[in-house]
$ cat upload-v6.cif   # mmCIF, C-alpha atoms and all ligand atoms
data_work
loop_
_atom_site.group_PDB
_atom_site.id
_atom_site.type_symbol
_atom_site.label_atom_id
_atom_site.label_comp_id
_atom_site.auth_asym_id
_atom_site.auth_seq_id
_atom_site.Cartn_x
_atom_site.Cartn_y
_atom_site.Cartn_z
ATOM 1 C CA MET A 1 2.128 -18.468 -12.687
ATOM 2 C CA GLY A 2 4.656 -15.635 -12.781
ATOM 3 C CA LEU A 3 4.070 -12.080 -11.661
ATOM 4 C CA VAL A 4 0.753 -10.633 -12.832
ATOM 5 C CA THR A 5 -0.583 -7.110 -13.281
ATOM 6 C CA THR A 6 -3.323 -5.748 -11.015
ATOM 7 C CA LYS A 7 -5.902 -5.677 -13.821
ATOM 8 C CA LYS A 8 -7.900 -8.773 -12.926
ATOM 9 C CA MET A 9 -7.472 -8.193 -9.169
ATOM 10 C CA PHE A 10 -9.018 -4.731 -9.426
ATOM 11 C CA GLU A 11 -11.787 -5.919 -11.719
ATOM 12 C CA MET A 12 -12.845 -8.553 -9.179
ATOM 13 C CA ALA A 13 -12.244 -6.304 -6.158
ATOM 14 C CA TYR A 14 -14.496 -3.637 -7.657
ATOM 15 C CA LYS A 15 -17.182 -6.079 -8.669
ATOM 16 C CA ASN A 16 -17.241 -8.015 -5.421
ATOM 17 C CA GLY A 17 -16.680 -5.186 -2.953
ATOM 18 C CA TYR A 18 -13.248 -5.764 -1.455
ATOM 19 C CA ALA A 19 -9.753 -4.282 -1.720
ATOM 20 C CA VAL A 20 -6.381 -5.892 -2.373
ATOM 21 C CA GLY A 21 -3.644 -5.283 0.193
ATOM 22 C CA ALA A 22 -0.497 -3.604 -1.125
ATOM 23 C CA PHE A 23 2.301 -4.295 1.327
ATOM 24 C CA ASN A 24 5.719 -2.636 1.280
ATOM 25 C CA VAL A 25 8.715 -4.960 1.267
ATOM 26 C CA ASN A 26 12.106 -3.959 2.632
ATOM 27 C CA ASN A 27 13.780 -7.239 3.541
ATOM 28 C CA MET A 28 13.358 -11.002 3.619
ATOM 29 C CA GLU A 29 11.587 -11.290 6.981
ATOM 30 C CA ILE A 30 8.933 -8.700 6.112
ATOM 31 C CA THR A 31 8.284 -10.374 2.762
ATOM 32 C CA GLN A 32 8.080 -13.835 4.299
ATOM 33 C CA GLY A 33 5.654 -12.652 6.969
ATOM 34 C CA ILE A 34 3.378 -11.108 4.339
ATOM 35 C CA VAL A 35 3.552 -14.009 1.907
ATOM 36 C CA THR A 36 2.970 -16.706 4.550
ATOM 37 C CA ALA A 37 -0.197 -14.917 5.654
ATOM 38 C CA ILE A 38 -1.342 -14.465 2.054
ATOM 39 C CA ALA A 39 -0.749 -18.138 1.233
ATOM 40 C CA LYS A 40 -2.776 -19.256 4.261
ATOM 41 C CA ALA A 41 -5.586 -16.821 3.506
ATOM 42 C CA LYS A 42 -5.511 -17.485 -0.249
ATOM 43 C CA ALA A 43 -5.704 -13.787 -1.092
ATOM 44 C CA PRO A 44 -4.403 -11.812 -4.084
ATOM 45 C CA LEU A 45 -1.282 -9.801 -3.281
ATOM 46 C CA ILE A 46 0.514 -6.636 -4.317
ATOM 47 C CA LEU A 47 4.102 -6.389 -3.103
ATOM 48 C CA GLN A 48 5.360 -2.853 -3.455
ATOM 49 C CA ILE A 49 8.801 -1.368 -3.436
ATOM 50 C CA SER A 50 9.541 2.239 -2.565
ATOM 51 C CA ARG A 51 12.603 4.284 -3.394
ATOM 52 C CA GLY A 52 13.764 3.896 0.203
ATOM 53 C CA ALA A 53 13.487 0.110 -0.103
ATOM 54 C CA ARG A 54 15.582 0.099 -3.258
ATOM 55 C CA GLN A 55 18.216 2.251 -1.595
ATOM 56 C CA TYR A 56 18.251 0.071 1.527
ATOM 57 C CA ALA A 57 18.159 -3.447 0.100
ATOM 58 C CA SER A 58 18.883 -2.914 -3.639
ATOM 59 C CA MET A 59 16.510 -3.810 -6.410
ATOM 60 C CA SER A 60 18.214 -7.085 -7.285
ATOM 61 C CA TYR A 61 17.927 -8.506 -3.759
ATOM 62 C CA LEU A 62 14.268 -7.496 -3.424
ATOM 63 C CA LYS A 63 13.413 -8.856 -6.866
ATOM 64 C CA ALA A 64 15.113 -12.170 -6.026
ATOM 65 C CA ILE A 65 13.127 -12.463 -2.770
ATOM 66 C CA ILE A 66 9.869 -11.732 -4.615
ATOM 67 C CA ASP A 67 10.756 -14.232 -7.363
ATOM 68 C CA VAL A 68 11.048 -16.940 -4.694
ATOM 69 C CA ALA A 69 7.692 -15.918 -3.188
ATOM 70 C CA VAL A 70 6.081 -16.162 -6.636
ATOM 71 C CA ALA A 71 7.690 -19.526 -7.443
ATOM 72 C CA GLU A 72 6.641 -21.034 -4.094
ATOM 73 C CA ASN A 73 3.034 -19.842 -4.376
ATOM 74 C CA PRO A 74 1.783 -20.739 -7.850
ATOM 75 C CA ASP A 75 -1.857 -20.431 -6.774
ATOM 76 C CA ILE A 76 -1.540 -16.848 -5.561
ATOM 77 C CA PRO A 77 -1.681 -13.945 -8.020
ATOM 78 C CA ILE A 78 1.164 -11.598 -7.050
ATOM 79 C CA SER A 79 1.882 -8.199 -8.574
ATOM 80 C CA MET A 80 5.159 -6.296 -8.117
ATOM 81 C CA HIS A 81 4.479 -2.585 -7.874
ATOM 82 C CA LEU A 82 6.642 0.539 -7.737
ATOM 83 C CA ASP A 83 5.423 2.731 -4.877
ATOM 84 C CA HIS A 84 5.662 6.520 -5.435
ATOM 85 C CA GLY A 85 7.842 6.760 -8.530
ATOM 86 C CA ASP A 86 8.615 10.460 -8.687
ATOM 87 C CA THR A 87 10.066 10.721 -12.193
ATOM 88 C CA VAL A 88 9.125 9.329 -15.596
ATOM 89 C CA GLU A 89 12.628 7.841 -15.809
ATOM 90 C CA ILE A 90 12.375 5.762 -12.639
ATOM 91 C CA CYS A 91 8.998 4.402 -13.789
ATOM 92 C CA LYS A 92 10.444 3.383 -17.161
ATOM 93 C CA GLN A 93 13.420 1.797 -15.415
ATOM 94 C CA CYS A 94 11.104 -0.297 -13.230
ATOM 95 C CA VAL A 95 9.077 -1.382 -16.272
ATOM 96 C CA ASP A 96 12.376 -2.583 -17.755
ATOM 97 C CA ASP A 97 13.286 -4.285 -14.454
ATOM 98 C CA GLY A 98 10.203 -6.516 -14.531
ATOM 99 C CA PHE A 99 7.685 -4.674 -12.382
ATOM 100 C CA THR A 100 4.117 -5.459 -13.443
ATOM 101 C CA SER A 101 2.719 -2.204 -12.058
ATOM 102 C CA VAL A 102 4.239 1.229 -11.479
ATOM 103 C CA MET A 103 3.065 4.358 -9.722
ATOM 104 C CA ILE A 104 3.947 7.746 -11.124
ATOM 105 C CA ASP A 105 3.363 10.249 -8.347
ATOM 106 C CA ALA A 106 3.383 13.682 -9.947
ATOM 107 C CA SER A 107 0.687 14.974 -7.613
ATOM 108 C CA HIS A 108 2.960 17.754 -6.351
ATOM 109 C CA HIS A 109 3.176 19.168 -9.900
ATOM 110 C CA SER A 110 0.459 21.233 -11.592
ATOM 111 C CA PHE A 111 -2.657 19.412 -12.830
ATOM 112 C CA GLU A 112 -1.490 19.729 -16.455
ATOM 113 C CA GLU A 113 2.045 18.549 -15.694
ATOM 114 C CA ASN A 114 0.682 15.642 -13.655
ATOM 115 C CA ILE A 115 -1.399 14.584 -16.685
ATOM 116 C CA ARG A 116 1.559 14.991 -19.049
ATOM 117 C CA MET A 117 4.003 12.948 -16.928
ATOM 118 C CA THR A 118 1.411 10.257 -16.177
ATOM 119 C CA HIS A 119 0.518 9.959 -19.859
ATOM 120 C CA GLU A 120 4.177 9.520 -20.783
ATOM 121 C CA VAL A 121 4.546 6.689 -18.254
ATOM 122 C CA VAL A 122 1.263 5.121 -19.434
ATOM 123 C CA GLU A 123 2.422 5.004 -23.059
ATOM 124 C CA TYR A 124 5.701 3.309 -22.136
ATOM 125 C CA ALA A 125 4.221 0.943 -19.544
ATOM 126 C CA HIS A 126 1.264 -0.179 -21.671
ATOM 127 C CA ALA A 127 3.594 -0.956 -24.571
ATOM 128 C CA HIS A 128 5.308 -3.394 -22.187
ATOM 129 C CA GLY A 129 2.135 -4.878 -20.667
ATOM 130 C CA VAL A 130 2.532 -2.989 -17.384
ATOM 131 C CA VAL A 131 -0.224 -1.049 -15.591
ATOM 132 C CA VAL A 132 0.053 2.445 -14.103
ATOM 133 C CA GLU A 133 -1.220 4.044 -10.901
ATOM 134 C CA ALA A 134 -1.229 7.841 -10.659
ATOM 135 C CA GLU A 135 -2.094 10.250 -7.857
ATOM 136 C CA LEU A 136 -4.350 13.284 -7.708
ATOM 137 C CA GLY A 137 -4.828 15.388 -4.581
ATOM 138 C CA GLN A 138 -2.541 15.653 -1.564
ATOM 139 C CA LEU A 139 -2.181 13.606 1.602
ATOM 140 C CA GLY A 140 -0.638 14.635 4.874
ATOM 141 C CA GLY A 141 2.888 13.351 5.383
ATOM 142 C CA ILE A 142 5.333 12.077 7.985
ATOM 143 C CA GLU A 143 7.080 15.435 8.215
ATOM 144 C CA GLU A 144 3.778 17.143 8.598
ATOM 145 C CA ASP A 145 2.786 15.276 11.715
ATOM 146 C CA VAL A 146 1.231 18.329 13.282
ATOM 147 C CA VAL A 147 -1.166 18.813 10.398
ATOM 148 C CA GLY A 148 -4.644 17.828 11.515
ATOM 149 C CA VAL A 149 -7.430 16.279 9.531
ATOM 150 C CA GLU A 150 -8.839 19.746 8.796
ATOM 151 C CA ASP A 151 -5.800 20.496 6.653
ATOM 152 C CA VAL A 152 -5.778 17.067 5.022
ATOM 153 C CA SER A 153 -9.407 17.543 4.076
ATOM 154 C CA ALA A 154 -8.556 20.857 2.401
ATOM 155 C CA HIS A 155 -6.575 18.940 -0.238
ATOM 156 C CA LEU A 156 -9.039 16.204 -1.111
ATOM 157 C CA THR A 157 -9.230 14.948 -4.678
ATOM 158 C CA ASP A 158 -11.714 16.942 -6.758
ATOM 159 C CA PRO A 159 -14.065 14.391 -8.386
ATOM 160 C CA SER A 160 -14.518 16.366 -11.622
ATOM 161 C CA GLN A 161 -10.737 16.759 -11.917
ATOM 162 C CA ALA A 162 -10.365 13.030 -11.297
ATOM 163 C CA GLU A 163 -12.635 12.287 -14.235
ATOM 164 C CA GLU A 164 -10.699 14.595 -16.555
ATOM 165 C CA PHE A 165 -7.365 13.305 -15.247
ATOM 166 C CA VAL A 166 -8.181 9.650 -15.904
ATOM 167 C CA GLU A 167 -9.532 10.389 -19.392
ATOM 168 C CA LYS A 168 -6.530 12.447 -20.442
ATOM 169 C CA SER A 169 -3.719 10.485 -18.782
ATOM 170 C CA GLY A 170 -5.022 6.960 -19.430
ATOM 171 C CA CYS A 171 -3.849 5.684 -16.016
ATOM 172 C CA ASP A 172 -5.207 2.309 -14.887
ATOM 173 C CA SER A 173 -5.890 3.251 -11.262
ATOM 174 C CA LEU A 174 -5.868 6.465 -9.279
ATOM 175 C CA ALA A 175 -4.608 7.185 -5.774
ATOM 176 C CA VAL A 176 -7.003 9.665 -4.238
ATOM 177 C CA ALA A 177 -6.788 11.964 -1.249
ATOM 178 C CA VAL A 178 -9.836 11.176 0.883
ATOM 179 C CA GLY A 179 -8.593 12.211 4.306
ATOM 180 C CA THR A 180 -5.790 9.681 4.886
ATOM 181 C CA SER A 181 -2.182 10.529 5.643
ATOM 182 C CA HIS A 182 1.212 8.814 5.499
ATOM 183 C CA GLY A 183 3.140 7.645 8.536
ATOM 184 C CA ALA A 184 2.372 6.774 12.151
ATOM 185 C CA TYR A 185 1.525 10.287 13.325
ATOM 186 C CA LYS A 186 -1.261 10.978 10.916
ATOM 187 C CA PHE A 187 -3.883 12.619 13.057
ATOM 188 C CA LYS A 188 -4.492 14.478 16.274
ATOM 189 C CA THR A 189 -8.052 13.231 16.422
ATOM 190 C CA GLU A 190 -9.677 10.188 14.873
ATOM 191 C CA PRO A 191 -9.961 10.897 11.146
ATOM 192 C CA LYS A 192 -13.166 10.894 9.154
ATOM 193 C CA LEU A 193 -12.696 9.614 5.624
ATOM 194 C CA ALA A 194 -14.431 11.514 2.838
ATOM 195 C CA PHE A 195 -16.720 8.712 1.683
ATOM 196 C CA ASP A 196 -18.734 11.257 -0.307
ATOM 197 C CA VAL A 197 -15.658 11.939 -2.458
ATOM 198 C CA ILE A 198 -15.133 8.204 -3.086
ATOM 199 C CA GLU A 199 -18.805 7.879 -3.963
ATOM 200 C CA GLU A 200 -18.795 10.875 -6.305
ATOM 201 C CA ILE A 201 -15.694 9.679 -8.167
ATOM 202 C CA GLY A 202 -17.315 6.237 -8.367
ATOM 203 C CA LYS A 203 -20.359 7.789 -10.056
ATOM 204 C CA ARG A 204 -18.263 9.731 -12.547
ATOM 205 C CA LEU A 205 -15.930 6.801 -13.310
ATOM 206 C CA PRO A 206 -18.041 3.644 -12.973
ATOM 207 C CA GLY A 207 -15.956 0.509 -12.465
ATOM 208 C CA TYR A 208 -12.739 2.484 -12.140
ATOM 209 C CA PRO A 209 -10.342 1.304 -9.372
ATOM 210 C CA LEU A 210 -9.212 3.836 -6.742
ATOM 211 C CA VAL A 211 -6.252 3.491 -4.397
ATOM 212 C CA MET A 212 -5.888 4.532 -0.779
ATOM 213 C CA HIS A 213 -2.463 5.533 0.551
ATOM 214 C CA GLY A 214 -1.644 6.415 4.129
ATOM 215 C CA SER A 215 -4.119 3.856 5.373
ATOM 216 C CA SER A 216 -2.298 1.946 8.090
ATOM 217 C CA SER A 217 -4.332 1.657 11.279
ATOM 218 C CA VAL A 218 -1.462 1.999 13.789
ATOM 219 C CA LEU A 219 -2.724 -1.040 15.677
ATOM 220 C CA LYS A 220 -3.067 -0.539 19.431
ATOM 221 C CA GLU A 221 -1.445 -3.886 20.199
ATOM 222 C CA PHE A 222 1.857 -2.841 18.603
ATOM 223 C CA LYS A 223 1.744 0.774 19.692
ATOM 224 C CA ASP A 224 1.295 -0.394 23.302
ATOM 225 C CA LEU A 225 4.142 -2.928 23.051
ATOM 226 C CA ILE A 226 6.478 -0.304 21.579
ATOM 227 C CA ASN A 227 5.645 2.170 24.341
ATOM 228 C CA GLN A 228 5.809 -0.512 27.048
ATOM 229 C CA TYR A 229 9.264 -1.690 26.012
ATOM 230 C CA GLY A 230 11.197 1.545 25.806
ATOM 231 C CA GLY A 231 9.737 3.090 22.674
ATOM 232 C CA ASN A 232 8.205 6.517 22.486
ATOM 233 C CA MET A 233 5.216 6.673 20.145
ATOM 234 C CA PRO A 234 2.438 7.865 22.452
ATOM 235 C CA ASP A 235 0.739 10.047 19.858
ATOM 236 C CA ALA A 236 0.702 7.565 16.982
ATOM 237 C CA MET A 237 -2.760 7.293 15.420
ATOM 238 C CA GLY A 238 -4.014 5.686 12.225
ATOM 239 C CA VAL A 239 -7.144 5.186 10.158
ATOM 240 C CA PRO A 240 -9.827 3.128 11.974
ATOM 241 C CA GLU A 241 -10.223 -0.305 10.421
ATOM 242 C CA ALA A 242 -13.991 0.086 10.164
ATOM 243 C CA ALA A 243 -13.431 3.057 7.826
ATOM 244 C CA ILE A 244 -10.986 1.026 5.723
ATOM 245 C CA SER A 245 -13.475 -1.837 5.463
ATOM 246 C CA LYS A 246 -16.172 0.580 4.339
ATOM 247 C CA ALA A 247 -13.913 2.164 1.698
ATOM 248 C CA ALA A 248 -12.889 -1.310 0.476
ATOM 249 C CA LYS A 249 -16.546 -2.106 -0.221
ATOM 250 C CA MET A 250 -16.730 1.032 -2.370
ATOM 251 C CA ALA A 251 -14.467 2.019 -5.290
ATOM 252 C CA ILE A 252 -11.237 1.617 -3.296
ATOM 253 C CA CYS A 253 -9.581 -1.499 -4.766
ATOM 254 C CA LYS A 254 -6.029 -1.183 -3.371
ATOM 255 C CA VAL A 255 -5.076 -0.281 0.180
ATOM 256 C CA ASN A 256 -1.437 0.461 0.984
ATOM 257 C CA ILE A 257 0.025 -0.885 4.228
ATOM 258 C CA ASP A 258 3.530 0.006 5.372
ATOM 259 C CA THR A 259 3.473 1.616 8.820
ATOM 260 C CA ASP A 260 1.610 -1.342 10.371
ATOM 261 C CA LEU A 261 4.313 -3.740 9.099
ATOM 262 C CA ARG A 262 7.078 -1.589 10.545
ATOM 263 C CA MET A 263 5.336 -1.280 13.885
ATOM 264 C CA ALA A 264 4.654 -5.031 14.171
ATOM 265 C CA LEU A 265 8.321 -5.827 13.555
ATOM 266 C CA THR A 266 9.590 -3.066 15.850
ATOM 267 C CA ALA A 267 7.213 -4.009 18.675
ATOM 268 C CA LYS A 268 8.352 -7.634 18.734
ATOM 269 C CA ILE A 269 12.038 -6.792 18.516
ATOM 270 C CA ARG A 270 11.650 -4.358 21.426
ATOM 271 C CA GLN A 271 9.818 -6.992 23.438
ATOM 272 C CA VAL A 272 12.534 -9.620 22.915
ATOM 273 C CA PHE A 273 15.293 -7.142 23.745
ATOM 274 C CA ALA A 274 13.514 -6.076 26.924
ATOM 275 C CA GLU A 275 12.605 -9.563 28.129
ATOM 276 C CA LYS A 276 15.868 -11.271 27.101
ATOM 277 C CA PRO A 277 18.619 -8.676 27.294
ATOM 278 C CA ALA A 278 21.293 -11.356 26.745
ATOM 279 C CA GLU A 279 19.827 -12.373 23.376
ATOM 280 C CA PHE A 280 22.169 -11.702 20.468
ATOM 281 C CA ASP A 281 20.941 -14.112 17.798
ATOM 282 C CA PRO A 282 19.131 -12.053 15.114
ATOM 283 C CA ARG A 283 16.937 -15.048 14.309
ATOM 284 C CA LYS A 284 15.564 -14.928 17.850
ATOM 285 C CA TYR A 285 14.218 -11.399 17.456
ATOM 286 C CA LEU A 286 13.608 -11.151 13.707
ATOM 287 C CA GLY A 287 11.721 -14.469 13.875
ATOM 288 C CA PRO A 288 9.094 -13.221 16.359
ATOM 289 C CA GLY A 289 8.883 -10.016 14.306
ATOM 290 C CA ARG A 290 8.162 -12.049 11.200
ATOM 291 C CA ASP A 291 5.481 -14.046 13.066
ATOM 292 C CA ALA A 292 3.847 -10.807 14.227
ATOM 293 C CA ILE A 293 3.760 -9.511 10.655
ATOM 294 C CA GLU A 294 2.141 -12.744 9.500
ATOM 295 C CA LYS A 295 -0.648 -12.481 12.101
ATOM 296 C CA MET A 296 -1.157 -8.785 11.444
ATOM 297 C CA VAL A 297 -1.449 -9.317 7.667
ATOM 298 C CA GLU A 298 -3.893 -12.190 8.128
ATOM 299 C CA HIS A 299 -6.071 -9.884 10.213
ATOM 300 C CA LYS A 300 -5.692 -7.058 7.692
ATOM 301 C CA LEU A 301 -6.877 -9.266 4.831
ATOM 302 C CA ASN A 302 -10.143 -9.767 6.705
ATOM 303 C CA VAL A 303 -10.461 -6.003 7.130
ATOM 304 C CA LEU A 304 -10.034 -5.591 3.350
ATOM 305 C CA GLY A 305 -12.390 -8.484 2.616
ATOM 306 C CA CYS A 306 -9.957 -10.244 0.265
ATOM 307 C CA THR A 307 -9.430 -13.491 2.198
ATOM 308 C CA GLY A 308 -10.099 -16.449 -0.087
ATOM 309 C CA LYS A 309 -10.204 -14.331 -3.257
ATOM 310 C CA ALA A 310 -6.965 -15.508 -4.866
ATOM 311 C CA SER A 311 -8.552 -17.931 -7.347
ATOM 312 C CA GLU A 312 -11.060 -15.461 -8.796
ATOM 313 C CA CYS A 313 -8.230 -12.962 -9.415
ATOM 314 C CA LYS A 314 -6.137 -15.302 -11.554
HETATM 315 ZN ZN ZN A 401 1.807 6.468 -0.446
#

$ encode --input "upload-v6.cif" --output "structure tokens" --more "lines below"
Ligand SMILES: [Zn+2]
Amino acid sequence: MGLVTTKKMFEMAYKNGYAVGAFNVNNMEITQGIVTAIAKAKAPLILQISRGARQYASMSYLKAIIDVAVAENPDIPISMHLDHGDTVEICKQCVDDGFTSVMIDASHHSFEENIRMTHEVVEYAHAHGVVVEAELGQLGGIEEDVVGVEDVSAHLTDPSQAEEFVEKSGCDSLAVAVGTSHGAYKFKTEPKLAFDVIEEIGKRLPGYPLVMHGSSSVLKEFKDLINQYGGNMPDAMGVPEAAISKAAKMAICKVNIDTDLRMALTAKIRQVFAEKPAEFDPRKYLGPGRDAIEKMVEHKLNVLGCTGKASECK
């Protein structure tokens, strides 16, 4: 099977109380680590590409890597998703480039403009058999690392707005602000997710798939390795996995993971450099990084509850 959309994945995830992992790809090793774990766990998969990834690796290289992953894993439903498209044009371009899912993130615009831009992307994407994720509400960000959960919670998605937004824009899934934040320095204290907001949106939009961004956990294992081997990330803090598991059982059908991939790779590279300072073969430090990603993703799939769900999502 070739690339698929997220339609069936979200339908099953909603019905059976789990979430599909959406992992950011930036190079071959990261992709291989993710896909090896997915193949072992027999889980559905969303591989997502950000603007930064396209600038770093180029679209054609990333697409070629994903094409190989798809060809080698015919039993696994894989969707290729644009992460945070900020203009209508880039979303249309990605539809033309073979993405099966695109995100238009116009959440920084006014409510009306967000609806207008999302609707324009929806019309184009649907005409080409591609699904659309939009965003409503605001998360904390990497640059805003001093912003605490109090401020994040002041910009939560308004459930009644969410209902109106989905009706008017026609988007297929909605990224909501429920207390999560992008990056490794999300919170000063352990965050509390707004499960009441997820529940309320779920009541207003029954069966409708929601998406959680900024939901890496900043795993202690990797944070400790990074700090032990010359890194400096003492204040990194993520979303507790128990909270992610709980959200995944609710209307959250897609959980984005990027920071945890980066930290797994960085931790292992630092460890090899520290323990074997004479090492200069990239395979000898990227390899362990890739293995760490594989183990981390396997663990994450259990947190999301999607292990073994590949066949029902086809
Ligand atoms: Zn995001």

$ residues_around --input "upload-v6.cif" --residues "segment 61-68 of chain A" --least-positions-apart "2" --cutoff "10 Å" --atoms "only C-alpha atoms" --output "list in words"
Gly2, Leu3, Val25, Asn26, Asn27, Met28, Glu29, Thr31, Gln32, Val35, Leu47, Ile49, Ala53, Arg54, Tyr56, Ala57, Ser58, Met59, Val70, Ala71, Glu72, Asn73, Ile78, Ser79, Met80, Asp97, Gly98 and Phe99 of chain A

$ resolve_selection --input "upload-v6.cif" --expression "the PyMOL selection byres (((chain A and resi 264-276) around 7) and not hetatm)" --output "list in words"
Phe222, Leu225, Ile226, Tyr229, Asp260, Leu261, Arg262, Met263, Pro277, Ala278, Glu279, Tyr285, Leu286, Pro288, Gly289, Arg290, Ala292 and Ile293 of chain A

$ resolve_selection --input "upload-v6.cif" --expression "the PyMOL selection byres (((not hetatm)) within 9 of (chain A and resi 401))" --output "list in words"
Asp83, His84, Asp105, Leu139, Ala175, Ser181, His182, Met212, His213, Gly214, Ser215, Asn256, Ile257 and Asp258 of chain A

$ residues_around --input "upload-v6.cif" --residues "Glu190 of chain A" --least-positions-apart "5" --cutoff "9 Å" --atoms "all atoms listed in the file" --output "MDAnalysis selection string"
chainID A and resid 149 237:240

$ write_last_selection --input "upload-v6.cif" --atoms "C-alpha atoms" --output "mmCIF file, keeping the file's coordinate frame"
data_model
loop_
_atom_site.group_PDB
_atom_site.id
_atom_site.type_symbol
_atom_site.label_atom_id
_atom_site.label_comp_id
_atom_site.auth_asym_id
_atom_site.auth_seq_id
_atom_site.Cartn_x
_atom_site.Cartn_y
_atom_site.Cartn_z
ATOM 1 C CA VAL A 149 -7.430 16.279 9.531
ATOM 2 C CA MET A 237 -2.760 7.293 15.420
ATOM 3 C CA GLY A 238 -4.014 5.686 12.225
ATOM 4 C CA VAL A 239 -7.144 5.186 10.158
ATOM 5 C CA PRO A 240 -9.827 3.128 11.974
#

$ resolve_selection --input "upload-v6.cif" --expression "the PyMOL selection byres (((chain A and resi 205) around 10) and not hetatm)" --output "VMD selection string"
chain A and resid 159 to 160 162 to 164 166 to 167 199 to 204 206 to 210 251

$ residues_around --input "upload-v6.cif" --residues "Glu133 of chain A" --least-positions-apart "6" --cutoff "12 Å" --atoms "all atoms listed in the file" --output "PyMOL selection string"
chain A and resi 5-7+10+81-86+91+100-107+117-119+121-122+125-126+165-166+169-176+208-213+253-254

$ write_last_selection --input "upload-v6.cif" --atoms "C-alpha atoms" --output "tab-separated table (two decimals), in the coordinates of the input"
chain	number	residue	atom	x	y	z
A	5	THR	CA	-0.58	-7.11	-13.28
A	6	THR	CA	-3.32	-5.75	-11.02
A	7	LYS	CA	-5.90	-5.68	-13.82
A	10	PHE	CA	-9.02	-4.73	-9.43
A	81	HIS	CA	4.48	-2.58	-7.87
A	82	LEU	CA	6.64	0.54	-7.74
A	83	ASP	CA	5.42	2.73	-4.88
A	84	HIS	CA	5.66	6.52	-5.44
A	85	GLY	CA	7.84	6.76	-8.53
A	86	ASP	CA	8.62	10.46	-8.69
A	91	CYS	CA	9.00	4.40	-13.79
A	100	THR	CA	4.12	-5.46	-13.44
A	101	SER	CA	2.72	-2.20	-12.06
A	102	VAL	CA	4.24	1.23	-11.48
A	103	MET	CA	3.06	4.36	-9.72
A	104	ILE	CA	3.95	7.75	-11.12
A	105	ASP	CA	3.36	10.25	-8.35
A	106	ALA	CA	3.38	13.68	-9.95
A	107	SER	CA	0.69	14.97	-7.61
A	117	MET	CA	4.00	12.95	-16.93
A	118	THR	CA	1.41	10.26	-16.18
A	119	HIS	CA	0.52	9.96	-19.86
A	121	VAL	CA	4.55	6.69	-18.25
A	122	VAL	CA	1.26	5.12	-19.43
A	125	ALA	CA	4.22	0.94	-19.54
A	126	HIS	CA	1.26	-0.18	-21.67
A	165	PHE	CA	-7.36	13.30	-15.25
A	166	VAL	CA	-8.18	9.65	-15.90
A	169	SER	CA	-3.72	10.48	-18.78
A	170	GLY	CA	-5.02	6.96	-19.43
A	171	CYS	CA	-3.85	5.68	-16.02
A	172	ASP	CA	-5.21	2.31	-14.89
A	173	SER	CA	-5.89	3.25	-11.26
A	174	LEU	CA	-5.87	6.46	-9.28
A	175	ALA	CA	-4.61	7.18	-5.77
A	176	VAL	CA	-7.00	9.66	-4.24
A	208	TYR	CA	-12.74	2.48	-12.14
A	209	PRO	CA	-10.34	1.30	-9.37
A	210	LEU	CA	-9.21	3.84	-6.74
A	211	VAL	CA	-6.25	3.49	-4.40
A	212	MET	CA	-5.89	4.53	-0.78
A	213	HIS	CA	-2.46	5.53	0.55
A	253	CYS	CA	-9.58	-1.50	-4.77
A	254	LYS	CA	-6.03	-1.18	-3.37

$ atom_distance --input "upload-v6.cif" --atom1 "atom CA of Lys309 of chain A" --atom2 "atom CA of Ser50 of chain A"
25.8 Å

$ closest_residue --input "upload-v6.cif" --among "A:Asp196, A:Leu219, A:Lys314, A:Gln161" --to "Val4 of chain A" --atoms "only C-alpha atoms"
A:Lys314

$ atom_distance --input "upload-v6.cif" --atom1 "atom CA of Ile34 of chain A" --atom2 "atom CA of Glu294 of chain A"
5.6 Å

$ decode --input "upload-v6.cif" --residues "segment 184-192 of chain A" --atoms "N, CA and C atoms" --output "PDB file, in the first residue's frame"
ATOM      1  N   ALA A 184      11.696  21.946  24.500  1.00  0.00           N
ATOM      2  CA  ALA A 184      12.166  21.170  25.650  1.00  0.00           C
ATOM      3  C   ALA A 184      12.008  21.930  26.960  1.00  0.00           C
ATOM      4  N   TYR A 185      11.790  23.233  26.859  1.00  0.00           N
ATOM      5  CA  TYR A 185      11.694  24.051  28.083  1.00  0.00           C
ATOM      6  C   TYR A 185      10.266  24.559  28.228  1.00  0.00           C
ATOM      7  N   LYS A 186       9.354  23.633  28.284  1.00  0.00           N
ATOM      8  CA  LYS A 186       7.950  24.000  28.221  1.00  0.00           C
ATOM      9  C   LYS A 186       7.456  24.640  29.505  1.00  0.00           C
ATOM     10  N   PHE A 187       7.877  24.094  30.627  1.00  0.00           N
ATOM     11  CA  PHE A 187       7.203  24.431  31.883  1.00  0.00           C
ATOM     12  C   PHE A 187       8.190  24.642  33.021  1.00  0.00           C
ATOM     13  N   LYS A 188       7.794  25.473  33.946  1.00  0.00           N
ATOM     14  CA  LYS A 188       8.582  25.637  35.172  1.00  0.00           C
ATOM     15  C   LYS A 188       8.149  24.609  36.218  1.00  0.00           C
ATOM     16  N   THR A 189       6.870  24.289  36.183  1.00  0.00           N
ATOM     17  CA  THR A 189       6.361  23.252  37.077  1.00  0.00           C
ATOM     18  C   THR A 189       5.596  22.242  36.229  1.00  0.00           C
ATOM     19  N   GLU A 190       5.381  21.063  36.793  1.00  0.00           N
ATOM     20  CA  GLU A 190       4.722  20.012  36.017  1.00  0.00           C
ATOM     21  C   GLU A 190       3.355  20.496  35.523  1.00  0.00           C
ATOM     22  N   PRO A 191       3.120  20.399  34.216  1.00  0.00           N
ATOM     23  CA  PRO A 191       1.882  20.959  33.669  1.00  0.00           C
ATOM     24  C   PRO A 191       0.648  20.113  33.981  1.00  0.00           C
ATOM     25  N   LYS A 192      -0.474  20.783  34.044  1.00  0.00           N
ATOM     26  CA  LYS A 192      -1.753  20.074  34.161  1.00  0.00           C
ATOM     27  C   LYS A 192      -2.498  20.305  32.850  1.00  0.00           C
TER      28      LYS A 192
END
